[in-house]
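J.: Have a peek at coords-v6.txt (compact mmCIF, N, CA and C atoms).
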# COMPACT_ATOMS: atom_id res chain seq x y z
N GLN J 24 13.41 -5.05 -15.00
CA GLN J 24 13.36 -4.67 -13.59
C GLN J 24 12.02 -4.00 -13.31
N VAL J 25 11.33 -4.52 -12.33
CA VAL J 25 10.02 -3.96 -11.96
C VAL J 25 10.22 -2.64 -11.21
N GLN J 26 9.48 -1.65 -11.62
CA GLN J 26 9.49 -0.37 -10.92
C GLN J 26 8.08 -0.05 -10.46
N LEU J 27 7.97 0.46 -9.24
CA LEU J 27 6.69 0.85 -8.67
C LEU J 27 6.70 2.36 -8.49
N VAL J 28 5.69 3.00 -9.05
CA VAL J 28 5.59 4.46 -8.96
C VAL J 28 4.32 4.80 -8.20
N GLU J 29 4.49 5.52 -7.10
CA GLU J 29 3.38 5.88 -6.23
C GLU J 29 2.93 7.31 -6.50
N SER J 30 1.67 7.56 -6.19
CA SER J 30 1.15 8.92 -6.24
C SER J 30 0.09 9.06 -5.16
N GLY J 31 -0.20 10.29 -4.83
CA GLY J 31 -1.17 10.55 -3.76
C GLY J 31 -0.46 10.85 -2.46
N GLY J 32 -1.18 10.75 -1.39
CA GLY J 32 -0.62 11.10 -0.08
C GLY J 32 -0.74 12.59 0.16
N GLY J 33 -0.03 13.05 1.19
CA GLY J 33 -0.08 14.47 1.53
C GLY J 33 -0.59 14.69 2.93
N LEU J 34 -1.25 15.83 3.11
CA LEU J 34 -1.71 16.24 4.43
C LEU J 34 -3.23 16.15 4.52
N SER J 35 -3.71 15.63 5.63
CA SER J 35 -5.14 15.55 5.89
C SER J 35 -5.42 15.90 7.34
N GLN J 36 -6.58 16.46 7.57
CA GLN J 36 -7.02 16.66 8.94
C GLN J 36 -7.57 15.35 9.48
N PRO J 37 -7.58 15.18 10.78
CA PRO J 37 -8.21 13.99 11.34
C PRO J 37 -9.65 13.86 10.86
N GLY J 38 -10.01 12.64 10.49
CA GLY J 38 -11.34 12.39 9.95
C GLY J 38 -11.42 12.54 8.45
N GLY J 39 -10.36 13.02 7.84
CA GLY J 39 -10.36 13.22 6.40
C GLY J 39 -10.02 11.97 5.62
N SER J 40 -9.86 12.16 4.32
CA SER J 40 -9.60 11.04 3.42
C SER J 40 -8.45 11.37 2.47
N LEU J 41 -7.72 10.34 2.12
CA LEU J 41 -6.68 10.43 1.11
C LEU J 41 -6.67 9.15 0.29
N ARG J 42 -6.14 9.25 -0.90
CA ARG J 42 -6.04 8.08 -1.77
C ARG J 42 -4.62 7.94 -2.28
N LEU J 43 -4.09 6.74 -2.19
CA LEU J 43 -2.77 6.41 -2.73
C LEU J 43 -2.94 5.50 -3.93
N SER J 44 -2.09 5.72 -4.92
CA SER J 44 -2.10 4.87 -6.11
C SER J 44 -0.69 4.41 -6.41
N CYS J 45 -0.58 3.26 -7.05
CA CYS J 45 0.72 2.71 -7.38
C CYS J 45 0.60 1.92 -8.68
N ALA J 46 1.55 2.14 -9.58
CA ALA J 46 1.56 1.43 -10.84
C ALA J 46 2.90 0.73 -11.01
N ALA J 47 2.85 -0.51 -11.44
CA ALA J 47 4.06 -1.30 -11.68
C ALA J 47 4.37 -1.33 -13.16
N SER J 48 5.64 -1.16 -13.48
CA SER J 48 6.10 -1.26 -14.86
C SER J 48 7.26 -2.24 -14.93
N GLY J 49 7.54 -2.71 -16.13
CA GLY J 49 8.64 -3.65 -16.30
C GLY J 49 8.33 -5.04 -15.77
N VAL J 50 7.04 -5.34 -15.64
CA VAL J 50 6.65 -6.64 -15.08
C VAL J 50 6.82 -7.74 -16.12
N ARG J 51 7.58 -8.77 -15.78
CA ARG J 51 7.78 -9.92 -16.68
C ARG J 51 7.27 -11.21 -16.06
N ASN J 52 7.04 -11.17 -14.76
CA ASN J 52 6.58 -12.35 -14.04
C ASN J 52 5.25 -12.02 -13.39
N THR J 53 4.45 -13.02 -13.12
CA THR J 53 3.14 -12.79 -12.51
C THR J 53 3.30 -12.16 -11.14
N ILE J 54 2.59 -11.06 -10.92
CA ILE J 54 2.60 -10.42 -9.61
C ILE J 54 1.58 -11.13 -8.73
N TYR J 55 2.06 -11.77 -7.69
CA TYR J 55 1.18 -12.55 -6.82
C TYR J 55 0.38 -11.65 -5.89
N LYS J 56 1.03 -10.65 -5.33
CA LYS J 56 0.32 -9.75 -4.43
C LYS J 56 0.85 -8.34 -4.56
N MET J 57 -0.03 -7.39 -4.36
CA MET J 57 0.33 -5.98 -4.32
C MET J 57 -0.33 -5.37 -3.10
N GLY J 58 0.34 -4.41 -2.51
CA GLY J 58 -0.25 -3.81 -1.33
C GLY J 58 0.55 -2.64 -0.83
N TRP J 59 0.29 -2.30 0.41
CA TRP J 59 0.88 -1.11 1.02
C TRP J 59 1.43 -1.43 2.41
N TYR J 60 2.61 -0.91 2.66
CA TYR J 60 3.22 -0.93 3.98
C TYR J 60 3.38 0.52 4.43
N ARG J 61 3.62 0.71 5.70
CA ARG J 61 3.91 2.05 6.20
C ARG J 61 4.96 1.98 7.30
N GLN J 62 5.65 3.09 7.45
CA GLN J 62 6.67 3.18 8.49
C GLN J 62 6.62 4.56 9.12
N ALA J 63 6.30 4.59 10.40
CA ALA J 63 6.30 5.83 11.15
C ALA J 63 7.65 6.00 11.84
N PRO J 64 8.03 7.23 12.15
CA PRO J 64 9.32 7.46 12.81
C PRO J 64 9.44 6.63 14.09
N GLY J 65 10.56 5.92 14.22
CA GLY J 65 10.79 5.13 15.41
C GLY J 65 10.07 3.81 15.44
N HIS J 66 9.40 3.47 14.34
CA HIS J 66 8.67 2.21 14.28
C HIS J 66 9.15 1.37 13.11
N GLN J 67 8.89 0.07 13.19
CA GLN J 67 9.22 -0.82 12.10
C GLN J 67 8.18 -0.67 10.99
N ARG J 68 8.61 -1.01 9.79
CA ARG J 68 7.67 -1.01 8.68
C ARG J 68 6.62 -2.10 8.92
N GLU J 69 5.36 -1.76 8.69
CA GLU J 69 4.29 -2.72 8.91
C GLU J 69 3.38 -2.82 7.68
N LEU J 70 2.82 -4.00 7.52
CA LEU J 70 1.86 -4.21 6.45
C LEU J 70 0.56 -3.49 6.79
N VAL J 71 0.04 -2.72 5.83
CA VAL J 71 -1.23 -2.04 6.02
C VAL J 71 -2.35 -2.83 5.36
N ALA J 72 -2.17 -3.14 4.08
CA ALA J 72 -3.21 -3.87 3.34
C ALA J 72 -2.58 -4.48 2.11
N GLN J 73 -3.13 -5.61 1.70
CA GLN J 73 -2.65 -6.22 0.48
C GLN J 73 -3.76 -6.94 -0.24
N PHE J 74 -3.57 -7.09 -1.55
CA PHE J 74 -4.56 -7.69 -2.44
C PHE J 74 -3.87 -8.82 -3.18
N LEU J 75 -4.32 -10.05 -2.90
CA LEU J 75 -3.69 -11.21 -3.51
C LEU J 75 -4.27 -11.50 -4.89
N LEU J 76 -3.55 -12.30 -5.64
CA LEU J 76 -4.00 -12.66 -6.99
C LEU J 76 -5.35 -13.37 -6.94
N SER J 77 -5.59 -14.08 -5.84
CA SER J 77 -6.85 -14.81 -5.69
C SER J 77 -8.05 -13.89 -5.49
N GLY J 78 -7.78 -12.63 -5.19
CA GLY J 78 -8.85 -11.69 -4.88
C GLY J 78 -9.01 -11.44 -3.40
N ARG J 79 -8.33 -12.23 -2.60
CA ARG J 79 -8.39 -12.04 -1.16
C ARG J 79 -7.64 -10.78 -0.75
N THR J 80 -8.21 -10.08 0.23
CA THR J 80 -7.56 -8.89 0.78
C THR J 80 -7.29 -9.10 2.27
N THR J 81 -6.23 -8.50 2.75
CA THR J 81 -5.92 -8.53 4.18
C THR J 81 -5.59 -7.12 4.64
N TYR J 82 -5.92 -6.84 5.88
CA TYR J 82 -5.69 -5.53 6.48
C TYR J 82 -5.12 -5.69 7.88
N THR J 83 -4.28 -4.75 8.27
CA THR J 83 -3.88 -4.72 9.66
C THR J 83 -5.07 -4.24 10.48
N ASP J 84 -5.17 -4.70 11.71
CA ASP J 84 -6.37 -4.45 12.51
C ASP J 84 -6.69 -2.97 12.65
N SER J 85 -5.67 -2.15 12.76
CA SER J 85 -5.90 -0.73 13.06
C SER J 85 -6.56 0.04 11.92
N VAL J 86 -6.59 -0.54 10.71
CA VAL J 86 -7.19 0.18 9.57
C VAL J 86 -8.47 -0.48 9.07
N LYS J 87 -8.82 -1.61 9.63
CA LYS J 87 -10.03 -2.31 9.18
C LYS J 87 -11.25 -1.41 9.33
N GLY J 88 -12.06 -1.38 8.28
CA GLY J 88 -13.25 -0.55 8.29
C GLY J 88 -13.00 0.88 7.86
N ARG J 89 -11.75 1.28 7.76
CA ARG J 89 -11.43 2.66 7.36
C ARG J 89 -10.69 2.72 6.02
N PHE J 90 -9.84 1.75 5.77
CA PHE J 90 -9.05 1.71 4.54
C PHE J 90 -9.58 0.63 3.62
N THR J 91 -9.47 0.88 2.33
CA THR J 91 -9.87 -0.12 1.33
C THR J 91 -8.78 -0.23 0.27
N VAL J 92 -8.30 -1.44 0.05
CA VAL J 92 -7.31 -1.68 -0.99
C VAL J 92 -8.01 -2.23 -2.22
N SER J 93 -7.60 -1.74 -3.36
CA SER J 93 -8.16 -2.23 -4.62
C SER J 93 -7.02 -2.47 -5.60
N ARG J 94 -7.29 -3.32 -6.56
CA ARG J 94 -6.22 -3.69 -7.49
C ARG J 94 -6.80 -3.95 -8.87
N ASP J 95 -6.09 -3.49 -9.88
CA ASP J 95 -6.38 -3.84 -11.26
C ASP J 95 -5.29 -4.82 -11.68
N ILE J 96 -5.63 -6.09 -11.68
CA ILE J 96 -4.61 -7.12 -11.93
C ILE J 96 -4.06 -7.01 -13.34
N ALA J 97 -4.91 -6.71 -14.30
CA ALA J 97 -4.47 -6.64 -15.70
C ALA J 97 -3.50 -5.47 -15.91
N ARG J 98 -3.72 -4.39 -15.18
CA ARG J 98 -2.88 -3.20 -15.35
C ARG J 98 -1.74 -3.13 -14.34
N ASN J 99 -1.70 -4.07 -13.41
CA ASN J 99 -0.67 -4.08 -12.35
C ASN J 99 -0.67 -2.76 -11.57
N THR J 100 -1.84 -2.37 -11.14
CA THR J 100 -1.95 -1.19 -10.30
C THR J 100 -2.65 -1.56 -9.00
N VAL J 101 -2.37 -0.79 -7.98
CA VAL J 101 -3.02 -0.99 -6.68
C VAL J 101 -3.29 0.39 -6.08
N ALA J 102 -4.39 0.50 -5.37
CA ALA J 102 -4.75 1.78 -4.75
C ALA J 102 -5.15 1.53 -3.30
N LEU J 103 -5.03 2.57 -2.51
CA LEU J 103 -5.44 2.49 -1.10
C LEU J 103 -6.30 3.71 -0.80
N GLU J 104 -7.57 3.48 -0.54
CA GLU J 104 -8.48 4.54 -0.15
C GLU J 104 -8.48 4.60 1.37
N MET J 105 -8.11 5.76 1.91
CA MET J 105 -7.99 5.90 3.36
C MET J 105 -9.02 6.90 3.85
N ASN J 106 -9.93 6.46 4.67
CA ASN J 106 -10.98 7.29 5.24
C ASN J 106 -10.85 7.36 6.76
N SER J 107 -11.54 8.32 7.33
CA SER J 107 -11.52 8.50 8.80
C SER J 107 -10.10 8.48 9.34
N LEU J 108 -9.26 9.23 8.71
CA LEU J 108 -7.84 9.22 9.07
C LEU J 108 -7.62 9.71 10.49
N LYS J 109 -6.61 9.11 11.11
CA LYS J 109 -6.24 9.45 12.48
C LYS J 109 -4.78 9.91 12.50
N PRO J 110 -4.40 10.70 13.49
CA PRO J 110 -2.99 11.11 13.58
C PRO J 110 -2.03 9.93 13.59
N GLU J 111 -2.44 8.81 14.15
CA GLU J 111 -1.56 7.64 14.20
C GLU J 111 -1.39 6.96 12.84
N ASP J 112 -2.11 7.43 11.83
CA ASP J 112 -1.90 6.92 10.48
C ASP J 112 -0.73 7.64 9.79
N THR J 113 -0.21 8.67 10.44
CA THR J 113 0.91 9.41 9.87
C THR J 113 2.12 8.50 9.71
N ALA J 114 2.64 8.45 8.49
CA ALA J 114 3.77 7.56 8.19
C ALA J 114 4.17 7.76 6.73
N VAL J 115 5.28 7.17 6.38
CA VAL J 115 5.63 7.03 4.96
C VAL J 115 5.01 5.72 4.49
N TYR J 116 4.24 5.79 3.42
CA TYR J 116 3.56 4.63 2.88
C TYR J 116 4.32 4.13 1.65
N TYR J 117 4.54 2.82 1.62
CA TYR J 117 5.31 2.20 0.55
C TYR J 117 4.43 1.21 -0.21
N CYS J 118 4.45 1.32 -1.51
CA CYS J 118 3.81 0.32 -2.35
C CYS J 118 4.72 -0.90 -2.42
N ASN J 119 4.11 -2.07 -2.38
CA ASN J 119 4.87 -3.32 -2.44
C ASN J 119 4.23 -4.28 -3.44
N ALA J 120 5.07 -4.98 -4.16
CA ALA J 120 4.60 -6.04 -5.04
C ALA J 120 5.52 -7.24 -4.87
N ALA J 121 4.94 -8.42 -4.93
CA ALA J 121 5.73 -9.64 -4.85
C ALA J 121 5.31 -10.56 -5.99
N ASP J 122 6.30 -11.11 -6.69
CA ASP J 122 5.95 -11.99 -7.80
C ASP J 122 5.85 -13.44 -7.31
N LYS J 123 5.54 -14.33 -8.22
CA LYS J 123 5.28 -15.71 -7.82
C LYS J 123 6.53 -16.43 -7.36
N ASP J 124 7.70 -15.84 -7.60
CA ASP J 124 8.95 -16.39 -7.07
C ASP J 124 9.34 -15.73 -5.76
N SER J 125 8.40 -14.98 -5.17
CA SER J 125 8.59 -14.31 -3.88
C SER J 125 9.65 -13.23 -3.91
N VAL J 126 9.86 -12.63 -5.06
CA VAL J 126 10.76 -11.48 -5.15
C VAL J 126 9.94 -10.23 -4.83
N ASP J 127 10.43 -9.43 -3.91
CA ASP J 127 9.74 -8.23 -3.48
C ASP J 127 10.23 -7.00 -4.22
N TYR J 128 9.31 -6.12 -4.53
CA TYR J 128 9.63 -4.83 -5.15
C TYR J 128 8.98 -3.74 -4.31
N TRP J 129 9.66 -2.57 -4.27
CA TRP J 129 9.19 -1.49 -3.42
C TRP J 129 9.14 -0.16 -4.17
N GLY J 130 8.14 0.64 -3.83
CA GLY J 130 8.11 2.00 -4.32
C GLY J 130 9.01 2.88 -3.48
N GLN J 131 9.11 4.14 -3.86
CA GLN J 131 10.02 5.05 -3.19
C GLN J 131 9.43 5.59 -1.89
N GLY J 132 8.14 5.42 -1.70
CA GLY J 132 7.49 5.90 -0.48
C GLY J 132 6.83 7.25 -0.68
N THR J 133 5.69 7.44 -0.03
CA THR J 133 4.99 8.71 -0.09
C THR J 133 4.52 9.07 1.32
N GLN J 134 4.67 10.33 1.68
CA GLN J 134 4.36 10.76 3.03
C GLN J 134 2.86 11.01 3.19
N VAL J 135 2.31 10.48 4.26
CA VAL J 135 0.94 10.78 4.67
C VAL J 135 1.02 11.38 6.06
N THR J 136 0.48 12.58 6.20
CA THR J 136 0.48 13.28 7.48
C THR J 136 -0.95 13.63 7.86
N VAL J 137 -1.36 13.21 9.04
CA VAL J 137 -2.70 13.50 9.54
C VAL J 137 -2.55 14.40 10.76
N SER J 138 -2.97 15.64 10.59
CA SER J 138 -2.79 16.62 11.66
C SER J 138 -3.78 17.75 11.50
N SER J 139 -4.20 18.31 12.63
CA SER J 139 -5.08 19.47 12.58
C SER J 139 -4.27 20.76 12.60
Rewrite the structure from the file as structure tokens, please.
T.:
Amino acid sequence: QVQLVESGGGLSQPGGSLRLSCAASGVRNTIYKMGWYRQAPGHQRELVAQFLLSGRTTYTDSVKGRFTVSRDIARNTVALEMNSLKPEDTAVYYCNAADKDSVDYWGQGTQVTVSS
């Protein structure tokens, strides 16, 4: 059973930076993509950024130019560097991994709060 363990997050002032990390264990199948979703109160969970096995990355429009997703494919880890944070980035961030059979795995979530 694949387990995703997240670290990082916390509180930042607007304009600040935070880094999220996630490590997958128990991997028996090729992980096709790893990335991050977030869910703010009263909103649906949305994709923030993901890193595909091909090396391609995708970002939701609201974080382009501010967030950077990186991945160590050999180690099955993914990180999210978040810069120029805004209050609207406040949410619970979830690490996500999907294997080549399209089975999704989720981390427990980590809170990111951007407030002065």
J.: From a DSSP pass on the backbone, collect the residues of region 73-135 of chain J flagged as strand (DSSP E or B) and hand them back as number ranges by chain.
T.: J: 73-75, 80-82, 90-95, 100-105, 114-122, 127-129, 133-135
J.: If you take all atoms listed in the file and a cut-off of 6 Å, which residues of region 52-84 of chain J touch region 103-119 of chain J, and what are their nearest atom pairs and distances in Å to one decimal, in chain and number order, as JSON lines?
T.:
{"residue": "J:Lys56", "atom": "C", "partner": "J:Asn119", "partner_atom": "C", "distance": 5.4}
{"residue": "J:Met57", "atom": "CA", "partner": "J:Asn119", "partner_atom": "C", "distance": 4.3}
{"residue": "J:Gly58", "atom": "C", "partner": "J:Asn119", "partner_atom": "N", "distance": 3.9}
{"residue": "J:Trp59", "atom": "CA", "partner": "J:Tyr117", "partner_atom": "C", "distance": 4.4}
{"residue": "J:Tyr60", "atom": "C", "partner": "J:Tyr117", "partner_atom": "N", "distance": 3.8}
{"residue": "J:Arg61", "atom": "CA", "partner": "J:Val115", "partner_atom": "C", "distance": 4.2}
{"residue": "J:Gln62", "atom": "N", "partner": "J:Val115", "partner_atom": "C", "distance": 4.0}
{"residue": "J:Ala63", "atom": "CA", "partner": "J:Ala114", "partner_atom": "CA", "distance": 4.3}
{"residue": "J:Pro64", "atom": "N", "partner": "J:Ala114", "partner_atom": "CA", "distance": 5.8}
J.: What gap, in Å, lies between CA of Leu27 (chain J) and CA of His66 (chain J)?
T.: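 Result for CA of Leu27 (chain J) versus CA of His66 (chain J): 23.1 Å, one decimal.
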J.: Find the residues near Tyr82 (chain J): any atom within 8 Å, counting only N, CA and C atoms, skip ones fewer than 6 places away on the same chain, and give them as a PyMOL selection string.
T.: chain J and resi 70-74+88+90
J.: Quick one, how far is CA of Thr100 (chain J) from CA of Ser44 (chain J)?
T.: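 Computing the Euclidean distance for CA of Thr100 (chain J) and CA of Ser44 (chain J) yields 7.4 Å.
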J.: Contacts of Gln24 (chain J) at 10 Å or less, counting only C-alpha atoms, minus same-chain residues fewer than 4 places along, as a list of chain:residue names?
T.: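 Contacts, with the query itself left out: J:Ser48, J:Gly49, J:Val50, J:Arg51, J:Tyr128.
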J.: Have a look at CA of Gly78 (chain J) and atom C of Tyr55 (chain J) and let me know their distance in Å, one decimal.
T.: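 Interatomic distance, CA of Gly78 (chain J) to atom C of Tyr55 (chain J): 9.3 Å.
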J.: Within 6.5 Å of (6.8, -8.5, -8.7) (coordinates as in the file), grab all the protein and nucleic acid residues, counting all atoms listed in the file, and write them out as JSON, numbers by chain.
T.: {"J": [25, 52, 53, 54, 55, 120, 121, 122, 123, 126, 127, 128]}
J.: Those selected residues, please, written with N, CA and C atoms and delivered as a PDB file, keeping the file's coordinate frame.
T.:
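Below you can see out-v3.pdb, which holds the result:
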ATOM      1  N   VAL J  25      11.330  -4.520 -12.330  1.00  0.00           N
ATOM      2  CA  VAL J  25      10.020  -3.960 -11.960  1.00  0.00           C
ATOM      3  C   VAL J  25      10.220  -2.640 -11.210  1.00  0.00           C
ATOM      4  N   ASN J  52       7.040 -11.170 -14.760  1.00  0.00           N
ATOM      5  CA  ASN J  52       6.580 -12.350 -14.040  1.00  0.00           C
ATOM      6  C   ASN J  52       5.250 -12.020 -13.390  1.00  0.00           C
ATOM      7  N   THR J  53       4.450 -13.020 -13.120  1.00  0.00           N
ATOM      8  CA  THR J  53       3.140 -12.790 -12.510  1.00  0.00           C
ATOM      9  C   THR J  53       3.300 -12.160 -11.140  1.00  0.00           C
ATOM     10  N   ILE J  54       2.590 -11.060 -10.920  1.00  0.00           N
ATOM     11  CA  ILE J  54       2.600 -10.420  -9.610  1.00  0.00           C
ATOM     12  C   ILE J  54       1.580 -11.130  -8.730  1.00  0.00           C
ATOM     13  N   TYR J  55       2.060 -11.770  -7.690  1.00  0.00           N
ATOM     14  CA  TYR J  55       1.180 -12.550  -6.820  1.00  0.00           C
ATOM     15  C   TYR J  55       0.380 -11.650  -5.890  1.00  0.00           C
ATOM     16  N   ALA J 120       5.070  -4.980  -4.160  1.00  0.00           N
ATOM     17  CA  ALA J 120       4.600  -6.040  -5.040  1.00  0.00           C
ATOM     18  C   ALA J 120       5.520  -7.240  -4.870  1.00  0.00           C
ATOM     19  N   ALA J 121       4.940  -8.420  -4.930  1.00  0.00           N
ATOM     20  CA  ALA J 121       5.730  -9.640  -4.850  1.00  0.00           C
ATOM     21  C   ALA J 121       5.310 -10.560  -5.990  1.00  0.00           C
ATOM     22  N   ASP J 122       6.300 -11.110  -6.690  1.00  0.00           N
ATOM     23  CA  ASP J 122       5.950 -11.990  -7.800  1.00  0.00           C
ATOM     24  C   ASP J 122       5.850 -13.440  -7.310  1.00  0.00           C
ATOM     25  N   LYS J 123       5.540 -14.330  -8.220  1.00  0.00           N
ATOM     26  CA  LYS J 123       5.280 -15.710  -7.820  1.00  0.00           C
ATOM     27  C   LYS J 123       6.530 -16.430  -7.360  1.00  0.00           C
ATOM     28  N   VAL J 126       9.860 -12.630  -5.060  1.00  0.00           N
ATOM     29  CA  VAL J 126      10.760 -11.480  -5.150  1.00  0.00           C
ATOM     30  C   VAL J 126       9.940 -10.230  -4.830  1.00  0.00           C
ATOM     31  N   ASP J 127      10.430  -9.430  -3.910  1.00  0.00           N
ATOM     32  CA  ASP J 127       9.740  -8.230  -3.480  1.00  0.00           C
ATOM     33  C   ASP J 127      10.230  -7.000  -4.220  1.00  0.00           C
ATOM     34  N   TYR J 128       9.310  -6.120  -4.530  1.00  0.00           N
ATOM     35  CA  TYR J 128       9.630  -4.830  -5.150  1.00  0.00           C
ATOM     36  C   TYR J 128       8.980  -3.740  -4.310  1.00  0.00           C
TER      37      TYR J 128
END
J.: Can you give me N, CA, C and O atoms for region 36-55 of chain J, written as an mmCIF file, in the frame of the given file?
T.:
data_model
loop_
_atom_site.group_PDB
_atom_site.id
_atom_site.type_symbol
_atom_site.label_atom_id
_atom_site.label_comp_id
_atom_site.auth_asym_id
_atom_site.auth_seq_id
_atom_site.Cartn_x
_atom_site.Cartn_y
_atom_site.Cartn_z
ATOM 1 N N GLN J 36 -6.580 16.460 7.570
ATOM 2 C CA GLN J 36 -7.020 16.660 8.940
ATOM 3 C C GLN J 36 -7.570 15.350 9.480
ATOM 4 O O GLN J 36 -7.981 14.473 8.702
ATOM 5 N N PRO J 37 -7.580 15.180 10.780
ATOM 6 C CA PRO J 37 -8.210 13.990 11.340
ATOM 7 C C PRO J 37 -9.650 13.860 10.860
ATOM 8 O O PRO J 37 -10.385 14.850 10.795
ATOM 9 N N GLY J 38 -10.010 12.640 10.490
ATOM 10 C CA GLY J 38 -11.340 12.390 9.950
ATOM 11 C C GLY J 38 -11.420 12.540 8.450
ATOM 12 O O GLY J 38 -12.457 12.208 7.849
ATOM 13 N N GLY J 39 -10.360 13.020 7.840
ATOM 14 C CA GLY J 39 -10.360 13.220 6.400
ATOM 15 C C GLY J 39 -10.020 11.970 5.620
ATOM 16 O O GLY J 39 -9.901 10.868 6.190
ATOM 17 N N SER J 40 -9.860 12.160 4.320
ATOM 18 C CA SER J 40 -9.600 11.040 3.420
ATOM 19 C C SER J 40 -8.450 11.370 2.470
ATOM 20 O O SER J 40 -8.257 12.534 2.099
ATOM 21 N N LEU J 41 -7.720 10.340 2.120
ATOM 22 C CA LEU J 41 -6.680 10.430 1.110
ATOM 23 C C LEU J 41 -6.670 9.150 0.290
ATOM 24 O O LEU J 41 -7.129 8.094 0.772
ATOM 25 N N ARG J 42 -6.140 9.250 -0.900
ATOM 26 C CA ARG J 42 -6.040 8.080 -1.770
ATOM 27 C C ARG J 42 -4.620 7.940 -2.280
ATOM 28 O O ARG J 42 -4.014 8.914 -2.742
ATOM 29 N N LEU J 43 -4.090 6.740 -2.190
ATOM 30 C CA LEU J 43 -2.770 6.410 -2.730
ATOM 31 C C LEU J 43 -2.940 5.500 -3.930
ATOM 32 O O LEU J 43 -3.807 4.628 -3.935
ATOM 33 N N SER J 44 -2.090 5.720 -4.920
ATOM 34 C CA SER J 44 -2.100 4.870 -6.110
ATOM 35 C C SER J 44 -0.690 4.410 -6.410
ATOM 36 O O SER J 44 0.283 5.096 -6.086
ATOM 37 N N CYS J 45 -0.580 3.260 -7.050
ATOM 38 C CA CYS J 45 0.720 2.710 -7.380
ATOM 39 C C CYS J 45 0.600 1.920 -8.680
ATOM 40 O O CYS J 45 -0.335 1.130 -8.855
ATOM 41 N N ALA J 46 1.550 2.140 -9.580
ATOM 42 C CA ALA J 46 1.560 1.430 -10.840
ATOM 43 C C ALA J 46 2.900 0.730 -11.010
ATOM 44 O O ALA J 46 3.945 1.316 -10.765
ATOM 45 N N ALA J 47 2.850 -0.510 -11.440
ATOM 46 C CA ALA J 47 4.060 -1.300 -11.680
ATOM 47 C C ALA J 47 4.370 -1.330 -13.160
ATOM 48 O O ALA J 47 3.483 -1.514 -13.988
ATOM 49 N N SER J 48 5.640 -1.160 -13.480
ATOM 50 C CA SER J 48 6.100 -1.260 -14.860
ATOM 51 C C SER J 48 7.260 -2.240 -14.930
ATOM 52 O O SER J 48 7.882 -2.545 -13.910
ATOM 53 N N GLY J 49 7.540 -2.710 -16.130
ATOM 54 C CA GLY J 49 8.640 -3.650 -16.300
ATOM 55 C C GLY J 49 8.330 -5.040 -15.770
ATOM 56 O O GLY J 49 9.230 -5.827 -15.495
ATOM 57 N N VAL J 50 7.040 -5.340 -15.640
ATOM 58 C CA VAL J 50 6.650 -6.640 -15.080
ATOM 59 C C VAL J 50 6.820 -7.740 -16.120
ATOM 60 O O VAL J 50 6.254 -7.665 -17.196
ATOM 61 N N ARG J 51 7.580 -8.770 -15.780
ATOM 62 C CA ARG J 51 7.780 -9.920 -16.680
ATOM 63 C C ARG J 51 7.270 -11.210 -16.060
ATOM 64 O O ARG J 51 7.112 -12.216 -16.742
ATOM 65 N N ASN J 52 7.040 -11.170 -14.760
ATOM 66 C CA ASN J 52 6.580 -12.350 -14.040
ATOM 67 C C ASN J 52 5.250 -12.020 -13.390
ATOM 68 O O ASN J 52 4.948 -10.860 -13.131
ATOM 69 N N THR J 53 4.450 -13.020 -13.120
ATOM 70 C CA THR J 53 3.140 -12.790 -12.510
ATOM 71 C C THR J 53 3.300 -12.160 -11.140
ATOM 72 O O THR J 53 4.043 -12.684 -10.302
ATOM 73 N N ILE J 54 2.590 -11.060 -10.920
ATOM 74 C CA ILE J 54 2.600 -10.420 -9.610
ATOM 75 C C ILE J 54 1.580 -11.130 -8.730
ATOM 76 O O ILE J 54 0.380 -11.096 -9.017
ATOM 77 N N TYR J 55 2.060 -11.770 -7.690
ATOM 78 C CA TYR J 55 1.180 -12.550 -6.820
ATOM 79 C C TYR J 55 0.380 -11.650 -5.890
ATOM 80 O O TYR J 55 -0.808 -11.866 -5.675
#
